[in-house]
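> Would you mind keeping the following structure in view while I ask a few things?
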Amino acid sequence: MPSFPPPGSVTVCEVNRDLITAETLSDDRAKDTYGKLLGLVFSPVPFQLEQLLSPPSDNDAEQDGRTDGDGVQRKGLLAILQRLVNESFRRLFRPNDVHLLPEVDVQGVSWHQNKHIIAFISGPSQVILRDYEDSGKDPIMLANEYQRDVRVLEWRPNGGRMLSVGCKGGICIWAASYPGNAASVRSGAASFVGSLSRGTGIRYILADFLRSEDNEHISALTWSPDGRYLASASYESSSFTVWDVAQGVGTPIRRGLGGISMLKWSPTGDYFFASKFDGTFYLWETNTWASEQWSSTSGFVKGATWDPDGRMILLAFSKSSSLGSVHFASKPPSLDAHLLPVDLPEIMSLTGSLGIEKIAWDNSGERLAVSFKDGDEVYRGLIAIYDTRRTPLISTSLIGFIRGPGDNPKPMAFSFHGRFKQGPLLSVCWSSGFCCTYPLLFRSHTLP
């Protein structure tokens with residue numbers, strides 16, 4: 001039987017398909033269960049809950065520039081011409097994309113690839129960092145006048161301690177600065193240098209600000225696996241941009257009409273995924289940047305996560321209670337692929353849910369986390385944890401459910417650590433104002 005957390009309890013961790021709970025939120029139970037095995041405890045990080053991911057209002061657009069009758073900002077001759085070209089397509093999702101944005105699984109939590117450092121959105125213009133390798137230090141808060149209305153963040157792979165934060169008008173690039181080893185700043189980006197993070201220990205400076213075209217609001221980010229390139233997109237635009245971060249130069253890649261909702265680079269760098277609010281999505285191969293367009297009858301893509309080998313991508317759709325997996329039939333740069341269903345029958349039969357909300361897949365491919373809409377009162381706000389197998393098709397087995405702390409907690413964002421050696425490590429930002437981390441331990445990893 002799947003593990004079910006009793007009402008009023010809080011989940012601590014998994015031990016061999018059993019999700020351990022405690023009566024209260026504290027480190028004591030964690031020390032007794034997984035602390036001795038891992039040598040550290042992932043204490044919850046509190047934050048002041050505000051309206052983190054609310055869509056910007058029409059008044060915000062009016063403050064930034066002239067708006068048309070739909071509240072959509074238009075600037076310059078090019079924008080006017082673009083509006084005329086798009087006039088016959090006005091029944092597509094623009095300008096309503098902004099209202100769908102909170103439904104998309106934006107990256108609100110990110111683990112450093114090689115360190116035990118977590119970053120998460122903690123307010124409309126704030127990001128919190130917690131370094132679990134330096135237990136004596138307080139969390140660090142990143143804030144700056146350039147960092148307004150934060151939507152998404154992601155650590156740079158193979159690039160030291162560098163964090164990208166998508167916000168209104170562009171991307172903030174934060175970098176760690178040590179005594180005697182100051183963070184490097186791109187030439188020409190010195191106008192905002194000197195804004196330090198608030199906290200103790202290592203300091204972070206705003207090393208660069210990559211300005212988006214027409215002051216667009218960055219709502220999707222993804223790094224190439226080698227950390228050289230950063231792709232960004234906005235629900236306000238039909239193109240995405242690939243940045244050479246060292247040079248501060250962005251190359252727009254234009255395709256289609258309607259706002260882009262999500263971007264995901266594959267772990268091997270061979271493929272690139274982009275989805276739109278109109279239910280279409282693209283798979284690109286990055287050798288020549290050729291692409292194939294796909295259409296969905298199950299709504300738009302709400303969540304997407306690659307498997308560790310980069311040969312399939314798991315998708316959640318806005319009008320479906322099951323997932324879809326796109327499998328590549330041959331090696332890159334081939335775009336020959338098939339979309340297959342991945343059933344999660346318990347989402348409806350057990351929980352009474354109306355559909356899937358967010359998904360995250362562990363880098364080992366063995367644990368899948370799923371949140372769902374509404375559902376029966378006893379299941380509402382929980383996260384379902386599945387054991388997954390790829391042989392080669394994906395099969396799932398429900399392990400149980402995770403319950404967060406506080407009154408009626410709901411998962412706002414969650415993500416797995418990419419390279420935690422002892423097994424899957426899931427972190428969740430709860431609506432009750434805590435970012436909690438759950439080690440999922442089983443025999444093929446840490447346990448004897």
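Residue numbering restarts at 1 for every chain of the structure tokens, chains are lettered A, B, ... in their displayed order, and ligands are numbered from 1 as they appear.
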Do you know which residues are at most 7 Å from Ile399 in chain A counting only C-alpha atoms, after dropping those on the same chain fewer than 6 positions away, and could you put them as a PyMOL selection string?

chain A and resi 2-3+17+385-387

> Store the residues picked out above in a file with N, CA and C atoms, as an mmCIF file, in the first residue's frame.


data_model
loop_
_atom_site.group_PDB
_atom_site.id
_atom_site.type_symbol
_atom_site.label_atom_id
_atom_site.label_comp_id
_atom_site.auth_asym_id
_atom_site.auth_seq_id
_atom_site.Cartn_x
_atom_site.Cartn_y
_atom_site.Cartn_z
ATOM 1 N N PRO A 2 0.465 2.294 -0.747
ATOM 2 C CA PRO A 2 1.231 3.539 -0.738
ATOM 3 C C PRO A 2 1.248 4.181 0.648
ATOM 4 N N SER A 3 2.376 4.827 0.986
ATOM 5 C CA SER A 3 2.493 5.533 2.262
ATOM 6 C C SER A 3 1.621 6.782 2.232
ATOM 7 N N ARG A 17 10.942 2.797 0.136
ATOM 8 C CA ARG A 17 9.532 2.895 -0.262
ATOM 9 C C ARG A 17 8.593 3.228 0.897
ATOM 10 N N ILE A 385 4.774 10.511 -4.939
ATOM 11 C CA ILE A 385 6.117 10.041 -5.285
ATOM 12 C C ILE A 385 6.004 8.668 -5.949
ATOM 13 N N TYR A 386 6.556 8.563 -7.156
ATOM 14 C CA TYR A 386 6.506 7.326 -7.928
ATOM 15 C C TYR A 386 7.902 6.733 -8.098
ATOM 16 N N ASP A 387 7.956 5.416 -8.021
ATOM 17 C CA ASP A 387 9.128 4.658 -8.465
ATOM 18 C C ASP A 387 8.995 4.505 -9.975
#

> Check the smallest atom-to-atom distance from each of A:Met312, A:Ile128, A:Leu393, A:Ala22 to Phe47 in chain A using only C-alpha atoms, then report the winner.

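For Phe47 in chain A, the nearest of the given residues is A:Ile128.
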
> Which residues are near Ser110 in chain A? Cut-off 12 Å, only C-alpha atoms, ignore same chain within fewer than 5 positions. Put them as a count of residues only.

37

> If we count only C-alpha atoms and set the cut-off at 9 Å, which residues sit around Pro7 in chain A, ignoring sequence neighbours fewer than 3 positions away in its own chain? Please answer as an MDAnalysis selection string.

chainID A and resid 10 378 403

> Determine the nearest neighbour of Ser219 in chain A from the options A:Asn287, A:Thr241, A:Gln107, A:Ser275, counting only C-alpha atoms.

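Going through A:Asn287, A:Thr241, A:Gln107, A:Ser275 one by one, the smallest distance to Ser219 in chain A is for A:Gln107.
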
> Find, counting only C-alpha atoms, the residue in A:Tyr379, A:Leu40, A:Cys167, A:Phe317 that gets nearest to Ser349 in chain A.

A:Tyr379

> With only C-alpha atoms as the counted atoms, please give the residues lying no more than 10 Å from Arg29 in chain A, apart from itself and same-chain residues fewer than 6 positions off, as a list in words.

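Counting only C-alpha atoms, the residues come to Thr11, Val12, Cys13, Ile20, Thr21, Ala22, Glu23, Gly35 and Val41 of chain A.
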
> I need the strand (DSSP E or B) residues of range 87-317 of chain A per DSSP on the backbone, written as a PyMOL selection string.

chain A and resi 109-111+117-123+126-131+140-142+152-155+162-168+170-178+181+196+198+203-211+217+220-223+229-233+239-244+249-254+260-265+271-276+280-285+290-295+301-306+312-317
